[in-house]
Amino acid sequence: MALKATNPTNTNAWSRLQSHFSDIKDIHLKELFKNNPKRAEELTVLWDDFYVDYSKNRITNKTLSLLIELANELNLDDAISKYFEGDIINKTEGRAVLHTALRAPKDAEIFVGSEDVIPGVFEVKAKIKTFTDSVVNGLHKGYSGKQITDIVNIGIGGSDLGPAMVVDSLQYYKNHLETHFVSNVDGDHYQEVIKNLNPETTLFVIVSKTFTTQETLSNANSIRDWFLQTMPKQAVANHFVAVSTNINSVKEFGIDEENIFPMKDWVGGRFSLWSAVGLSISLALGYDNFEKLLSGANKMDEHFKSTTFDKNIPVITALLTIWYNNFFNAESEAIIPYTQYLNQFATYLQQGIMESNGKRIDRNGNAVDYQTGTLIWGEPGTNSQHAFFQLIHQGTKLIPTDFIGFVDSLHGNKDHHDKLMSNYFAQTEALMNGKTEREVLEELHASNLSDEVINMLLPFKIFEGNKPTTSILIQKLTPESLGKLIAMYEHKIFVQGIIWNIFSYDQFGVELGKKLAKTILEELNSGSNTVNHDSSTQNLIDFYNK
Ligand code: F6P
């Protein structure tokens with residue numbers, strides 16, 4: 001049975017949310033805290049090593065129950081079962097969406113059609129483990145007998161962003177293998193990466209679900225040509241492996257079947273780091289850490305599947321997005337990790353969230369008449385405080401912000417960590433409370449300025465506050481907790497898609513420009529046009545060609 005396909009704005013809950021919105025939209029968060037002394041406890045979820053405090057959001061208990069009513073009216077429960085049970089919920093591509101199966105335990109049974117996919121998942125995991133161990137332990141040698149020192153992941157989109165983000169985020173746990181990522185078709189990218197590499201000691205992991213992606217194939221071909229300048233053809237077997245669903249094309253590229261790590265079409269690119277696409281993660285961190293990442297994600301899966309919505313972290317955080325996006329008309333959400341390790345986290349989530357929910361056609365094939373996918377952006381704190389926080393504090397836009405922090409630092413420098421975390425706490429407090437006219441006046445009077453200067457400065461120094469934030473405080477950044485955090489956002493994406501009545505797992509929007517680029521490339525190569533371009537595009541092409 002297909003997912004329910006109801007326009008959310010036609011539900012009873014939506015109408016009730018609308019009138020509730022008029023009631024509470026102007027209430028200041030400070031007042032909400034004053035009205036309910038238990039607010040912080042009531043609007044917090046403690047789960048495992050996660051402390052998720054969403055009390056600094058512009059909601060009341062009633063908002064939450066109405067949002068949950070909305071989820072119930074739209075059969076979220078049933079959709080969650082379908083998601084985990086391998087139903088074809090990616091209808092437009094005719095596929096199941098089963099990245100959760102990649103981290104399920106061995107005794108799970110998950111069927112796609114009549115096939116239980118779990119034995120296949122464990123077969124590939126065993127292959128990843130054996131290969132990882134042999135490279136890390138130095139048993140898998142380069143063609144000339146030297147040990148592998150460097151790994152180059154060649155892929156783009158989901159075949160790059162996930163592994164790159166995880167390896168960077170968990171670099172504290174890394175082994176001796178240097179890991180590099182080549183993604184952009186810009187030739188300068190791969191050339192910068194390979195310029196200091198020794199082909200004798202480098203392993204190239206070509207990652208492409210389809211093995212048709214222009215960027216990845218161009219980079220793989222150019223890098224293989226570079227490799228063959230100094231190495232014989234037989235050496236390719238020791239130095240090139242691939243991850244793909246398209247076994248035939250990989251073989252045509254010249255990679256032996258035993259060096260192919262297969263993946264299934266029910267793994268979406270942007271959710272694929274748990275599959276063989278995570279080979280570079282396993283190589284860089286060791287297989288045990290890869291397994292811990294998977295087990296963390298599986299714990300979040302269990303939490304999501306089995307927790308009532310009022311205590312369910314992905315459900316609550318997704319409903320908050322709906323609340324701001326569809327009632328407050330907020331257009332974007334910021335994600336601010338207070339750890340430099342999660343430097344690439346927002347970039348990674350941009351693909352996950354925007355490629356999934358950037359859709360304007362609903363599950364009935366009709367154009368939606370309400371807002372869907374939000375813009376996602378962010379950078380680690382405290383750096384971002386010195387970059388764009390001005391706009392969040394005093395700009396004209398409402399930007400709900402996730403603050404991700406960790407109780408323990410990895411290197412254990414308490415002095416620095418206290419400074420970092422005091423900023424983490426201070427920012428959410430400042431964003432909520434702001435600074436009133438009275439407070440500003442008191443401060444200005446204390447600084448002995450003339451009344452004229454005080455009156456001039458006053459409006460600029462006021463902060464209205466009432467800026468919503470969600471604090472996600474985790475004990476420590478580990479492979480397991482990162483697995484949980486990524487899975488939390490994956491399920492948040494799913495819930496949003498269900499409520500917005502869109503298909504979250506296709507990405508047709510990336511096709512149009514890709515196809516046109518192919519045509520233009522042919523034109524650039526042949527020197528003659530095959531299509532009529534608009535005058536702007538034509539002039540630009542002419543300027544490039546001259
Ligand atoms: O950007 C579109 C997309 O299909 C992504 O969804 C995917 O992660 C990426 O291209 C790479 O695709 P592939 O792994 O097939 O090379």
# chains A, B, ... in the order shown; residues from 1 in each chain; ligands from 1
call {"tool": "residues_around", "arguments": {"residues": "Thr530 in chain A", "least_positions_apart": "2", "cutoff": "12 Å", "atoms": "only C-alpha atoms", "output": "PyMOL selection string"}}
result
chain A and resi 516+518-528+532-533
call {"tool": "closest_atom_pairs", "arguments": {"of": "chain A", "to": "ligand 1", "cutoff": "10 Å", "atoms": "only C-alpha atoms and all ligand atoms", "output": "CSV"}}
result
residue,atom,partner,partner_atom_place_in_ligand_line,distance
A:Ile154,CA,ligand 1,16 (O),9.4
A:Gly155,CA,ligand 1,16 (O),6.1
A:Ile156,CA,ligand 1,11 (C),5.1
A:Gly157,CA,ligand 1,8 (O),4.0
A:Gly158,CA,ligand 1,8 (O),3.3
A:Ser159,CA,ligand 1,14 (O),4.9
A:Asp160,CA,ligand 1,8 (O),7.7
A:Leu161,CA,ligand 1,8 (O),8.3
A:Gly162,CA,ligand 1,8 (O),9.3
A:Ser183,CA,ligand 1,11 (C),9.6
A:Ile206,CA,ligand 1,16 (O),9.2
A:Val207,CA,ligand 1,14 (O),6.2
A:Ser208,CA,ligand 1,14 (O),3.4
A:Lys209,CA,ligand 1,14 (O),3.8
A:Thr210,CA,ligand 1,15 (O),3.7
A:Phe211,CA,ligand 1,15 (O),5.6
A:Thr212,CA,ligand 1,15 (O),6.3
A:Thr213,CA,ligand 1,16 (O),4.5
A:Gln214,CA,ligand 1,16 (O),7.9
A:Glu215,CA,ligand 1,16 (O),7.9
A:Thr216,CA,ligand 1,16 (O),6.3
A:Leu217,CA,ligand 1,16 (O),8.3
A:Val243,CA,ligand 1,14 (O),8.8
A:Ser244,CA,ligand 1,14 (O),7.5
A:Thr245,CA,ligand 1,15 (O),8.6
A:Asn246,CA,ligand 1,15 (O),9.2
A:Gly268,CA,ligand 1,6 (O),6.9
A:Gly269,CA,ligand 1,8 (O),3.8
A:Arg270,CA,ligand 1,8 (O),5.0
A:Phe271,CA,ligand 1,8 (O),8.2
A:Ser272,CA,ligand 1,8 (O),8.1
A:Val277,CA,ligand 1,14 (O),8.6
A:Gln351,CA,ligand 1,6 (O),8.0
A:Gly352,CA,ligand 1,6 (O),8.8
A:Glu355,CA,ligand 1,6 (O),7.3
A:Ser356,CA,ligand 1,6 (O),9.0
A:Tyr505,CA,ligand 1,6 (O),8.9
A:Asp506,CA,ligand 1,6 (O),7.9
A:Gln507,CA,ligand 1,6 (O),6.3
A:Phe508,CA,ligand 1,2 (C),8.2
A:Gly509,CA,ligand 1,2 (C),8.4
A:Val510,CA,ligand 1,2 (C),5.7
A:Glu511,CA,ligand 1,2 (C),7.7
A:Lys514,CA,ligand 1,2 (C),9.3
call {"tool": "closest_residue", "arguments": {"among": "A:Phe181, A:Asn539, A:Asp225, A:Ser295", "to": "Met165 in chain A", "atoms": "only C-alpha atoms"}}
result
A:Phe181
call {"tool": "closest_atom_pairs", "arguments": {"of": "range 432-527 of chain A", "to": "range 340-344 of chain A", "cutoff": "12 Å", "atoms": "only C-alpha atoms", "output": "JSON lines"}}
result
{"residue": "A:Lys476", "atom": "CA", "partner": "A:Tyr341", "partner_atom": "CA", "distance": 11.8}
{"residue": "A:Leu477", "atom": "CA", "partner": "A:Tyr341", "partner_atom": "CA", "distance": 8.8}
{"residue": "A:Thr478", "atom": "CA", "partner": "A:Tyr341", "partner_atom": "CA", "distance": 10.9}
{"residue": "A:Leu482", "atom": "CA", "partner": "A:Leu342", "partner_atom": "CA", "distance": 9.6}
{"residue": "A:Leu485", "atom": "CA", "partner": "A:Leu342", "partner_atom": "CA", "distance": 11.2}
{"residue": "A:Ile486", "atom": "CA", "partner": "A:Leu342", "partner_atom": "CA", "distance": 11.3}
call {"tool": "residues_around", "arguments": {"residues": "Leu3 in chain A", "least_positions_apart": "2", "cutoff": "12 Å", "atoms": "only C-alpha atoms", "output": "PyMOL selection string"}}
result
chain A and resi 1+5-6+74-83+87-91+362-364+497-499+501-503
call {"tool": "write_last_selection", "arguments": {"atoms": "C-alpha atoms", "output": "mmCIF file, in the first residue's frame"}}
result
data_model
loop_
_atom_site.group_PDB
_atom_site.id
_atom_site.type_symbol
_atom_site.label_atom_id
_atom_site.label_comp_id
_atom_site.auth_asym_id
_atom_site.auth_seq_id
_atom_site.Cartn_x
_atom_site.Cartn_y
_atom_site.Cartn_z
ATOM 1 C CA MET A 1 0.000 0.000 0.000
ATOM 2 C CA ALA A 5 -1.044 11.394 0.077
ATOM 3 C CA THR A 6 -2.956 14.188 1.763
ATOM 4 C CA LEU A 74 -1.165 12.172 8.084
ATOM 5 C CA ASN A 75 -0.472 8.585 9.226
ATOM 6 C CA LEU A 76 3.158 9.150 10.166
ATOM 7 C CA ASP A 77 3.170 5.927 12.185
ATOM 8 C CA ASP A 78 2.186 3.884 9.166
ATOM 9 C CA ALA A 79 4.740 5.700 6.991
ATOM 10 C CA ILE A 80 7.511 4.868 9.489
ATOM 11 C CA SER A 81 6.600 1.178 9.306
ATOM 12 C CA LYS A 82 6.634 1.285 5.515
ATOM 13 C CA TYR A 83 10.025 3.032 5.520
ATOM 14 C CA ASP A 87 7.986 -0.730 0.954
ATOM 15 C CA ILE A 88 8.511 1.084 -2.320
ATOM 16 C CA ILE A 89 8.219 4.527 -0.728
ATOM 17 C CA ASN A 90 10.530 6.026 -3.379
ATOM 18 C CA LYS A 91 7.665 5.630 -5.827
ATOM 19 C CA ASP A 362 3.129 16.493 -4.054
ATOM 20 C CA ARG A 363 2.607 12.752 -3.868
ATOM 21 C CA ASN A 364 -0.530 13.109 -6.000
ATOM 22 C CA GLY A 497 8.701 14.701 3.541
ATOM 23 C CA ILE A 498 5.777 12.677 4.886
ATOM 24 C CA ILE A 499 4.076 15.764 6.326
ATOM 25 C CA ASN A 501 3.300 15.091 1.101
ATOM 26 C CA ILE A 502 6.313 14.999 -1.220
ATOM 27 C CA PHE A 503 8.632 12.258 -2.426
#
call {"tool": "select_by_dssp", "arguments": {"residues": "range 90-124 of chain A", "states": "strand (DSSP E)", "output": "list of chain:residue names"}}
result
A:Phe111, A:Val112, A:Glu115, A:Asp116
call {"tool": "write_last_selection", "arguments": {"atoms": "N, CA, C and O atoms", "output": "mmCIF file, in the first residue's frame"}}
result
data_model
loop_
_atom_site.group_PDB
_atom_site.id
_atom_site.type_symbol
_atom_site.label_atom_id
_atom_site.label_comp_id
_atom_site.auth_asym_id
_atom_site.auth_seq_id
_atom_site.Cartn_x
_atom_site.Cartn_y
_atom_site.Cartn_z
ATOM 1 N N PHE A 111 12.665 -7.371 4.059
ATOM 2 C CA PHE A 111 12.423 -7.874 2.713
ATOM 3 C C PHE A 111 12.214 -6.763 1.690
ATOM 4 O O PHE A 111 11.512 -5.793 1.949
ATOM 5 N N VAL A 112 12.879 -6.934 0.549
ATOM 6 C CA VAL A 112 12.531 -6.131 -0.628
ATOM 7 C C VAL A 112 11.937 -7.142 -1.596
ATOM 8 O O VAL A 112 12.648 -8.042 -2.065
ATOM 9 N N GLU A 115 12.977 -10.982 -1.237
ATOM 10 C CA GLU A 115 14.358 -11.215 -0.804
ATOM 11 C C GLU A 115 14.666 -10.541 0.531
ATOM 12 O O GLU A 115 14.474 -9.330 0.690
ATOM 13 N N ASP A 116 15.152 -11.327 1.477
ATOM 14 C CA ASP A 116 15.637 -10.766 2.738
ATOM 15 C C ASP A 116 17.007 -10.129 2.436
ATOM 16 O O ASP A 116 17.945 -10.822 2.035
#
call {"tool": "atom_distance", "arguments": {"atom1": "CA of Glu258 in chain A", "atom2": "CA of Ala242 in chain A"}}
result
9.8 Å
call {"tool": "residues_around", "arguments": {"residues": "Glu192 in chain A", "least_positions_apart": "4", "cutoff": "12 Å", "atoms": "only C-alpha atoms", "output": "list in words"}}
result
His180, Phe181, Val182, Ser183, Asn184, Asp186, Gly187, Asp188, Asn196, Leu197 and Ile223 of chain A
call {"tool": "select_by_dssp", "arguments": {"residues": "range 74-292 of chain A", "states": "helix (DSSP H, G or I)", "output": "number ranges by chain"}}
result
A: 76-84, 91-93, 99-103, 118-136, 157-159, 161-169, 171-173, 187-194, 199-201, 214-228, 233-239, 247-253, 257-259, 269-271, 276-285, 287-292
call {"tool": "closest_residue", "arguments": {"among": "A:Val236, A:Val205, A:Ile361, A:Leu64", "to": "Ser282 in chain A", "atoms": "only C-alpha atoms"}}
result
A:Val205
call {"tool": "closest_residue", "arguments": {"among": "A:Ser218, A:Ser144, A:Ser249, A:Asn259", "to": "Ala235 in chain A", "atoms": "only C-alpha atoms"}}
result
A:Ser144
call {"tool": "atom_distance", "arguments": {"atom1": "CA of Asn248 in chain A", "atom2": "CA of Ile260 in chain A"}}
result
10.3 Å
call {"tool": "residues_around", "arguments": {"residues": "Lys106 in chain A", "least_positions_apart": "4", "cutoff": "9 Å", "atoms": "only C-alpha atoms", "output": "MDAnalysis selection string"}}
result
chainID A and resid 118:119 121:122
call {"tool": "write_last_selection", "arguments": {"atoms": "all heavy atoms", "output": "compact mmCIF listing (two decimals), in the first residue's frame"}}
result
# COMPACT_ATOMS: atom_id res chain seq x y z
N ILE A 118 19.16 -8.70 4.45
CA ILE A 118 20.17 -8.67 5.51
C ILE A 118 21.40 -9.57 5.22
O ILE A 118 22.55 -9.13 5.40
CB ILE A 118 19.53 -9.00 6.89
CG1 ILE A 118 18.53 -7.88 7.25
CG2 ILE A 118 20.57 -9.15 7.99
CD1 ILE A 118 19.14 -6.48 7.42
N PRO A 119 21.22 -10.82 4.74
CA PRO A 119 22.43 -11.62 4.45
C PRO A 119 23.37 -10.91 3.47
O PRO A 119 24.59 -10.92 3.66
CB PRO A 119 21.86 -12.91 3.85
CG PRO A 119 20.46 -12.99 4.38
CD PRO A 119 19.98 -11.58 4.52
N VAL A 121 23.70 -7.69 3.03
CA VAL A 121 24.33 -6.56 3.72
C VAL A 121 25.56 -7.06 4.49
O VAL A 121 26.65 -6.47 4.44
CB VAL A 121 23.32 -5.89 4.70
CG1 VAL A 121 24.02 -4.94 5.65
CG2 VAL A 121 22.23 -5.17 3.92
N PHE A 122 25.37 -8.20 5.18
CA PHE A 122 26.49 -8.71 6.00
C PHE A 122 27.61 -9.29 5.14
O PHE A 122 28.77 -9.25 5.53
CB PHE A 122 25.96 -9.69 7.06
CG PHE A 122 25.49 -8.93 8.27
CD1 PHE A 122 24.23 -8.35 8.29
CD2 PHE A 122 26.34 -8.70 9.34
CE1 PHE A 122 23.81 -7.59 9.37
CE2 PHE A 122 25.93 -7.93 10.43
CZ PHE A 122 24.66 -7.37 10.45
call {"tool": "residues_around", "arguments": {"residues": "Leu293 in chain A", "least_positions_apart": "4", "cutoff": "12 Å", "atoms": "only C-alpha atoms", "output": "PyMOL selection string"}}
result
chain A and resi 102-104+163+166-167+169-170+173+273-275+278+281-282+285-289+297-300+477-487
call {"tool": "closest_residue", "arguments": {"among": "A:Lys34, A:His303, A:Arg438, A:His176", "to": "Gln147 in chain A", "atoms": "only C-alpha atoms"}}
result
A:His176
call {"tool": "atom_distance", "arguments": {"atom1": "CA of Ala367 in chain A", "atom2": "CA of Glu333 in chain A"}}
result
23.5 Å
call {"tool": "closest_residue", "arguments": {"among": "A:Ile336, A:Ile110, A:Leu375, A:Leu294", "to": "Ile404 in chain A", "atoms": "only C-alpha atoms"}}
result
A:Ile336
